Every structure is written in structure tokens, then in C-alpha cells.
file work_20.tsv (TSV, N, CA and C atoms)
chain	number	residue	atom	x	y	z
A	1	MET	N	42.39	-16.80	2.96
A	1	MET	CA	40.95	-16.74	2.87
A	1	MET	C	40.55	-15.65	1.90
A	2	ARG	N	39.60	-15.90	1.06
A	2	ARG	CA	39.17	-15.00	0.02
A	2	ARG	C	37.95	-14.21	0.46
A	3	GLU	N	37.95	-12.88	0.20
A	3	GLU	CA	36.80	-12.04	0.56
A	3	GLU	C	35.76	-12.09	-0.54
A	4	ALA	N	34.51	-12.10	-0.14
A	4	ALA	CA	33.42	-12.06	-1.11
A	4	ALA	C	33.25	-10.62	-1.58
A	5	VAL	N	33.11	-10.44	-2.86
A	5	VAL	CA	32.91	-9.10	-3.42
A	5	VAL	C	31.47	-9.00	-3.88
A	6	MET	N	30.78	-7.98	-3.39
A	6	MET	CA	29.39	-7.78	-3.78
A	6	MET	C	29.32	-6.58	-4.71
A	7	SER	N	28.65	-6.74	-5.81
A	7	SER	CA	28.50	-5.62	-6.74
A	7	SER	C	27.15	-4.94	-6.52
A	8	ALA	N	27.08	-3.69	-6.89
A	8	ALA	CA	25.82	-2.94	-6.77
A	8	ALA	C	24.85	-3.43	-7.83
A	9	PRO	N	23.56	-3.38	-7.55
A	9	PRO	CA	22.59	-3.81	-8.55
A	9	PRO	C	22.67	-2.89	-9.78
A	10	THR	N	22.45	-3.47	-10.94
A	10	THR	CA	22.54	-2.69	-12.17
A	10	THR	C	21.25	-1.93	-12.47
A	11	THR	N	20.16	-2.30	-11.84
A	11	THR	CA	18.91	-1.60	-12.04
A	11	THR	C	18.41	-1.07	-10.71
A	12	ALA	N	17.59	-0.04	-10.79
A	12	ALA	CA	17.04	0.54	-9.56
A	12	ALA	C	16.16	-0.49	-8.86
A	13	VAL	N	16.31	-0.57	-7.57
A	13	VAL	CA	15.51	-1.50	-6.78
A	13	VAL	C	14.37	-0.71	-6.16
A	14	THR	N	13.14	-1.12	-6.43
A	14	THR	CA	11.98	-0.45	-5.84
A	14	THR	C	11.22	-1.46	-5.00
A	15	PRO	N	10.72	-1.02	-3.85
A	15	PRO	CA	9.98	-1.97	-3.01
A	15	PRO	C	8.70	-2.42	-3.69
A	16	ALA	N	8.34	-3.65	-3.47
A	16	ALA	CA	7.10	-4.19	-4.04
A	16	ALA	C	5.90	-3.48	-3.40
A	17	LEU	N	4.87	-3.31	-4.18
A	17	LEU	CA	3.66	-2.72	-3.65
A	17	LEU	C	3.06	-3.67	-2.63
A	18	THR	N	2.65	-3.12	-1.52
A	18	THR	CA	2.07	-3.94	-0.47
A	18	THR	C	0.56	-3.86	-0.56
A	19	ARG	N	-0.04	-4.96	-0.85
A	19	ARG	CA	-1.50	-5.03	-0.90
A	19	ARG	C	-1.99	-5.60	0.42
A	20	ARG	N	-2.93	-4.92	1.01
A	20	ARG	CA	-3.48	-5.37	2.28
A	20	ARG	C	-4.96	-5.64	2.10
A	21	GLU	N	-5.42	-6.71	2.71
A	21	GLU	CA	-6.83	-7.09	2.61
A	21	GLU	C	-7.49	-7.07	3.98
A	22	VAL	N	-8.72	-6.60	4.00
A	22	VAL	CA	-9.53	-6.57	5.22
A	22	VAL	C	-10.79	-7.38	4.94
A	23	LYS	N	-11.13	-8.25	5.86
A	23	LYS	CA	-12.34	-9.07	5.69
A	23	LYS	C	-13.59	-8.22	5.83
A	24	CYS	N	-14.57	-8.51	4.98
A	24	CYS	CA	-15.87	-7.85	5.07
A	24	CYS	C	-16.91	-8.83	4.53
A	25	ARG	N	-18.13	-8.36	4.42
A	25	ARG	CA	-19.21	-9.16	3.83
A	25	ARG	C	-19.94	-8.29	2.82
A	26	ASP	N	-20.51	-8.93	1.81
A	26	ASP	CA	-21.30	-8.16	0.85
A	26	ASP	C	-22.74	-8.07	1.35
A	27	ALA	N	-23.62	-7.51	0.54
A	27	ALA	CA	-25.01	-7.30	0.95
A	27	ALA	C	-25.74	-8.60	1.26
A	28	ALA	N	-25.30	-9.70	0.64
A	28	ALA	CA	-25.90	-11.01	0.90
A	28	ALA	C	-25.19	-11.76	2.04
A	29	ARG	N	-24.31	-11.04	2.75
A	29	ARG	CA	-23.57	-11.58	3.89
A	29	ARG	C	-22.53	-12.65	3.50
A	30	ARG	N	-22.12	-12.65	2.23
A	30	ARG	CA	-21.07	-13.58	1.80
A	30	ARG	C	-19.71	-12.97	2.17
A	31	PRO	N	-18.75	-13.80	2.56
A	31	PRO	CA	-17.42	-13.28	2.90
A	31	PRO	C	-16.74	-12.66	1.67
A	32	ARG	N	-16.19	-11.49	1.86
A	32	ARG	CA	-15.45	-10.77	0.81
A	32	ARG	C	-14.25	-10.08	1.44
A	33	HIS	N	-13.51	-9.35	0.63
A	33	HIS	CA	-12.37	-8.57	1.10
A	33	HIS	C	-12.39	-7.18	0.48
A	34	VAL	N	-11.94	-6.21	1.24
A	34	VAL	CA	-11.64	-4.88	0.73
A	34	VAL	C	-10.12	-4.79	0.73
A	35	SER	N	-9.54	-4.40	-0.39
A	35	SER	CA	-8.08	-4.33	-0.50
A	35	SER	C	-7.61	-2.90	-0.67
A	36	THR	N	-6.41	-2.63	-0.18
A	36	THR	CA	-5.78	-1.34	-0.40
A	36	THR	C	-4.34	-1.57	-0.84
A	37	TYR	N	-3.82	-0.64	-1.64
A	37	TYR	CA	-2.41	-0.66	-1.98
A	37	TYR	C	-1.99	0.71	-2.48
A	38	VAL	N	-0.68	0.91	-2.58
A	38	VAL	CA	-0.13	2.17	-3.06
A	38	VAL	C	0.12	2.02	-4.55
A	39	GLY	N	-0.44	2.96	-5.33
A	39	GLY	CA	-0.19	2.99	-6.76
A	39	GLY	C	0.82	4.08	-7.07
A	40	GLU	N	0.82	4.59	-8.27
A	40	GLU	CA	1.72	5.66	-8.67
A	40	GLU	C	1.24	6.99	-8.11
A	41	GLY	N	1.64	7.31	-6.90
A	41	GLY	CA	1.28	8.57	-6.28
A	41	GLY	C	-0.13	8.63	-5.72
A	42	VAL	N	-0.78	7.49	-5.61
A	42	VAL	CA	-2.15	7.44	-5.09
A	42	VAL	C	-2.33	6.21	-4.20
A	43	VAL	N	-3.38	6.26	-3.38
A	43	VAL	CA	-3.79	5.10	-2.59
A	43	VAL	C	-4.98	4.49	-3.31
A	44	VAL	N	-4.95	3.19	-3.53
A	44	VAL	CA	-6.01	2.50	-4.27
A	44	VAL	C	-6.83	1.66	-3.29
A	45	LEU	N	-8.15	1.77	-3.38
A	45	LEU	CA	-9.08	1.00	-2.57
A	45	LEU	C	-9.91	0.14	-3.51
A	46	LEU	N	-9.87	-1.17	-3.31
A	46	LEU	CA	-10.65	-2.11	-4.12
A	46	LEU	C	-11.72	-2.74	-3.23
A	47	ALA	N	-12.96	-2.52	-3.57
A	47	ALA	CA	-14.08	-3.11	-2.83
A	47	ALA	C	-14.69	-4.22	-3.68
A	48	PRO	N	-15.52	-5.08	-3.08
A	48	PRO	CA	-16.18	-6.11	-3.88
A	48	PRO	C	-16.93	-5.49	-5.06
A	49	ALA	N	-16.79	-6.08	-6.21
A	49	ALA	CA	-17.40	-5.54	-7.43
A	49	ALA	C	-18.91	-5.38	-7.29
A	50	ALA	N	-19.39	-4.19	-7.56
A	50	ALA	CA	-20.83	-3.87	-7.56
A	50	ALA	C	-21.53	-4.26	-6.27
A	51	GLU	N	-20.82	-4.21	-5.18
A	51	GLU	CA	-21.39	-4.62	-3.89
A	51	GLU	C	-21.10	-3.56	-2.84
A	52	ALA	N	-21.89	-3.57	-1.82
A	52	ALA	CA	-21.61	-2.78	-0.62
A	52	ALA	C	-20.74	-3.65	0.28
A	53	ALA	N	-19.74	-3.07	0.88
A	53	ALA	CA	-18.89	-3.81	1.80
A	53	ALA	C	-19.34	-3.50	3.23
A	54	GLN	N	-19.72	-4.54	3.95
A	54	GLN	CA	-20.13	-4.39	5.35
A	54	GLN	C	-18.96	-4.80	6.23
A	55	LEU	N	-18.48	-3.86	7.07
A	55	LEU	CA	-17.35	-4.12	7.94
A	55	LEU	C	-17.77	-4.05	9.39
A	56	ASP	N	-17.26	-4.98	10.19
A	56	ASP	CA	-17.49	-4.87	11.63
A	56	ASP	C	-16.55	-3.78	12.15
A	57	PRO	N	-16.71	-3.32	13.39
A	57	PRO	CA	-15.88	-2.24	13.90
A	57	PRO	C	-14.37	-2.51	13.82
A	58	ASP	N	-13.95	-3.73	14.14
A	58	ASP	CA	-12.52	-4.05	14.07
A	58	ASP	C	-11.99	-3.96	12.64
A	59	SER	N	-12.76	-4.47	11.69
A	59	SER	CA	-12.35	-4.41	10.28
A	59	SER	C	-12.32	-2.97	9.79
A	60	ALA	N	-13.27	-2.15	10.22
A	60	ALA	CA	-13.30	-0.74	9.83
A	60	ALA	C	-12.05	-0.02	10.35
A	61	ARG	N	-11.65	-0.31	11.59
A	61	ARG	CA	-10.44	0.28	12.15
A	61	ARG	C	-9.20	-0.20	11.39
A	62	GLU	N	-9.18	-1.49	11.05
A	62	GLU	CA	-8.05	-2.04	10.29
A	62	GLU	C	-7.95	-1.36	8.92
A	63	LEU	N	-9.09	-1.18	8.26
A	63	LEU	CA	-9.10	-0.50	6.96
A	63	LEU	C	-8.60	0.93	7.10
A	64	ALA	N	-9.05	1.64	8.13
A	64	ALA	CA	-8.61	3.02	8.35
A	64	ALA	C	-7.10	3.07	8.57
A	65	THR	N	-6.57	2.14	9.33
A	65	THR	CA	-5.13	2.09	9.57
A	65	THR	C	-4.38	1.83	8.28
A	66	ASN	N	-4.86	0.88	7.48
A	66	ASN	CA	-4.21	0.58	6.19
A	66	ASN	C	-4.21	1.80	5.28
A	67	LEU	N	-5.34	2.49	5.19
A	67	LEU	CA	-5.42	3.68	4.35
A	67	LEU	C	-4.47	4.77	4.84
A	68	ARG	N	-4.41	4.98	6.14
A	68	ARG	CA	-3.52	6.00	6.71
A	68	ARG	C	-2.06	5.65	6.41
A	69	GLU	N	-1.68	4.39	6.59
A	69	GLU	CA	-0.30	3.99	6.33
A	69	GLU	C	0.06	4.11	4.86
A	70	HIS	N	-0.86	3.75	3.97
A	70	HIS	CA	-0.60	3.89	2.54
A	70	HIS	C	-0.49	5.38	2.17
A	71	ALA	N	-1.34	6.23	2.74
A	71	ALA	CA	-1.27	7.67	2.48
A	71	ALA	C	0.07	8.23	2.94
A	72	ASP	N	0.53	7.80	4.11
A	72	ASP	CA	1.84	8.23	4.60
A	72	ASP	C	2.95	7.80	3.66
A	73	ALA	N	2.86	6.58	3.12
A	73	ALA	CA	3.87	6.08	2.19
A	73	ALA	C	3.90	6.90	0.90
A	74	VAL	N	2.72	7.26	0.39
A	74	VAL	CA	2.65	8.08	-0.83
A	74	VAL	C	3.28	9.44	-0.57
A	75	GLU	N	2.94	10.07	0.57
A	75	GLU	CA	3.51	11.37	0.90
A	75	GLU	C	5.02	11.30	1.06
A	76	ALA	N	5.52	10.23	1.68
A	76	ALA	CA	6.96	10.07	1.85
A	76	ALA	C	7.66	9.95	0.50
A	77	ARG	N	7.07	9.18	-0.41
A	77	ARG	CA	7.64	9.05	-1.75
A	77	ARG	C	7.65	10.39	-2.47
A	78	GLN	N	6.57	11.16	-2.32
A	78	GLN	CA	6.50	12.46	-2.98
A	78	GLN	C	7.56	13.41	-2.43
A	79	ARG	N	7.75	13.38	-1.10
A	79	ARG	CA	8.79	14.24	-0.50
A	79	ARG	C	10.17	13.82	-0.99
A	80	THR	N	10.41	12.53	-1.06
A	80	THR	CA	11.70	12.02	-1.53
A	80	THR	C	11.93	12.42	-2.98
A	81	SER	N	10.91	12.29	-3.81
A	81	SER	CA	11.03	12.65	-5.22
A	81	SER	C	11.26	14.15	-5.38
A	82	ALA	N	10.55	14.96	-4.61
A	82	ALA	CA	10.68	16.41	-4.68
A	82	ALA	C	12.08	16.83	-4.23
A	83	GLY	N	12.58	16.19	-3.17
A	83	GLY	CA	13.93	16.51	-2.70
A	83	GLY	C	14.98	16.12	-3.73
A	84	ALA	N	14.81	14.99	-4.36
A	84	ALA	CA	15.76	14.55	-5.39
A	84	ALA	C	15.72	15.49	-6.59
A	85	ALA	N	14.54	15.95	-6.96
A	85	ALA	CA	14.41	16.87	-8.09
A	85	ALA	C	15.10	18.20	-7.78
A	86	GLN	N	14.96	18.68	-6.56
A	86	GLN	CA	15.61	19.95	-6.18
A	86	GLN	C	17.12	19.80	-6.20
A	87	ARG	N	17.63	18.66	-5.73
A	87	ARG	CA	19.07	18.46	-5.71
A	87	ARG	C	19.67	18.38	-7.10
A	88	THR	N	18.91	17.86	-8.07
A	88	THR	CA	19.46	17.72	-9.42
A	88	THR	C	19.38	19.01	-10.22
A	89	ARG	N	18.59	19.98	-9.78
A	89	ARG	CA	18.48	21.27	-10.49
A	89	ARG	C	19.72	22.12	-10.32
A	90	PHE	N	20.42	21.97	-9.21
A	90	PHE	CA	21.57	22.85	-8.93
A	90	PHE	C	22.85	22.25	-9.36
call {"tool": "encode", "arguments": {"input": "work_20.tsv", "output": "C-alpha cells"}}
result
Amino acid sequence: MREAVMSAPTTAVTPALTRREVKCRDAARRPRHVSTYVGEGVVVLLAPAAEAAQLDPDSARELATNLREHADAVEARQRTSAGAAQRTRF
């Protein structure tokens, strides 16, 4: 029986950015979405263009959770990057 040999990836593997959407309504009460995602060291919030986003309490809590989780992810990446930079200096 032959063993399968797996090679390491030749390029760095980075996780895909996770975009999360929360339902809301604009000023005319039309259905819209507020989106969040992690950018390069920042949390990005996308609201309906030139509109106010009206969120019910559940959607507001969901948005707050998404923002908190994205902020935690950015901080974790920064700590990982800082630790890697310190290790390569010595």
C-alpha cells in the first residue's frame, strides 16, 4: 500500500475576510443591510449609501457583536504580527 505524500503550500495561506451583514431599514423603511468586515488592521462598517440605518434591538445587538468580534480579530492579528516581528529581530 502506498502512502499519500502531502506537500506544504508554496504561498502563505491567509484566511478569507469574513463579511457579516445585519438587516436594517433605510429612512423610507426599505430593507437594507449594514455590513462589517476586517480590513488591513481596521474594522470596516458599510451602511446604506447616503441613508440612515434603522435597526431593531435584535439587529443592533447583532451588529455590536459583529463589531466586537471583528475588533478582537484585528487585535489578535496585531499581537501575532508584533510577536513575529520581535522574534525575527533577535
call {"tool": "residues_around", "arguments": {"input": "work_20.tsv", "residues": "A:Ser59", "least_positions_apart": "6", "cutoff": "8 Å", "atoms": "only N, CA and C atoms", "output": "compact mmCIF listing (two decimals) with N, CA and C atoms, keeping the file's coordinate frame"}}
result
# COMPACT_ATOMS: atom_id res chain seq x y z
N VAL A 22 -8.72 -6.60 4.00
CA VAL A 22 -9.53 -6.57 5.22
C VAL A 22 -10.79 -7.38 4.94
N LYS A 23 -11.13 -8.25 5.86
CA LYS A 23 -12.34 -9.07 5.69
C LYS A 23 -13.59 -8.22 5.83
N CYS A 24 -14.57 -8.51 4.98
CA CYS A 24 -15.87 -7.85 5.07
C CYS A 24 -16.91 -8.83 4.53
N THR A 65 -6.57 2.14 9.33
CA THR A 65 -5.13 2.09 9.57
C THR A 65 -4.38 1.83 8.28
call {"tool": "atom_distance", "arguments": {"input": "work_20.tsv", "atom1": "atom CA of A:Gly39", "atom2": "atom CA of A:Glu51"}}
result
22.7 Å
call {"tool": "residues_around", "arguments": {"input": "work_20.tsv", "residues": "A:Val42", "least_positions_apart": "2", "cutoff": "8 Å", "atoms": "all atoms listed in the file", "output": "MDAnalysis selection string"}}
result
chainID A and resid 37:40 44:45 70:71 74:75
call {"tool": "select_by_dssp", "arguments": {"input": "work_20.tsv", "residues": "stretch 14-63 of chain A", "states": "helix (DSSP H, G or I)", "output": "CSV table (one decimal) with N, CA and C atoms, in the coordinates of the input"}}
result
chain,number,residue,atom,x,y,z
A,57,PRO,N,-16.7,-3.3,13.4
A,57,PRO,CA,-15.9,-2.2,13.9
A,57,PRO,C,-14.4,-2.5,13.8
A,58,ASP,N,-14.0,-3.7,14.1
A,58,ASP,CA,-12.5,-4.0,14.1
A,58,ASP,C,-12.0,-4.0,12.6
A,59,SER,N,-12.8,-4.5,11.7
A,59,SER,CA,-12.4,-4.4,10.3
A,59,SER,C,-12.3,-3.0,9.8
A,60,ALA,N,-13.3,-2.2,10.2
A,60,ALA,CA,-13.3,-0.7,9.8
A,60,ALA,C,-12.0,0.0,10.4
A,61,ARG,N,-11.6,-0.3,11.6
A,61,ARG,CA,-10.4,0.3,12.2
A,61,ARG,C,-9.2,-0.2,11.4
A,62,GLU,N,-9.2,-1.5,11.0
A,62,GLU,CA,-8.0,-2.0,10.3
A,62,GLU,C,-8.0,-1.4,8.9
A,63,LEU,N,-9.1,-1.2,8.3
A,63,LEU,CA,-9.1,-0.5,7.0
A,63,LEU,C,-8.6,0.9,7.1
call {"tool": "atom_distance", "arguments": {"input": "work_20.tsv", "atom1": "atom CA of A:Leu67", "atom2": "atom C of A:Ala27"}}
result
23.9 Å
call {"tool": "atom_distance", "arguments": {"input": "work_20.tsv", "atom1": "atom CA of A:Glu62", "atom2": "atom CA of A:Pro48"}}
result
16.8 Å
call {"tool": "residues_near_point", "arguments": {"input": "work_20.tsv", "point": "(-7.8, -4.9, 3.4)", "cutoff": "6 Å", "atoms": "only C-alpha atoms", "output": "JSON, numbers by chain"}}
result
{"A": [20, 21, 22, 34, 35, 36, 63]}
call {"tool": "closest_residue", "arguments": {"input": "work_20.tsv", "among": "A:Pro57, A:Ala47, A:Gly41, A:Arg30", "to": "A:Ala73", "atoms": "all atoms listed in the file"}}
result
A:Gly41
call {"tool": "axis_aligned_box", "arguments": {"input": "work_20.tsv", "around": "stretch 40-46 of chain A", "padding_each_side": "8 Å", "output": "lines of an AutoDock Vina configuration file"}}
result
center_x = -5.0
center_y = 2.9
center_z = -5.6
size_x = 29.4
size_y = 27.4
size_z = 22.1
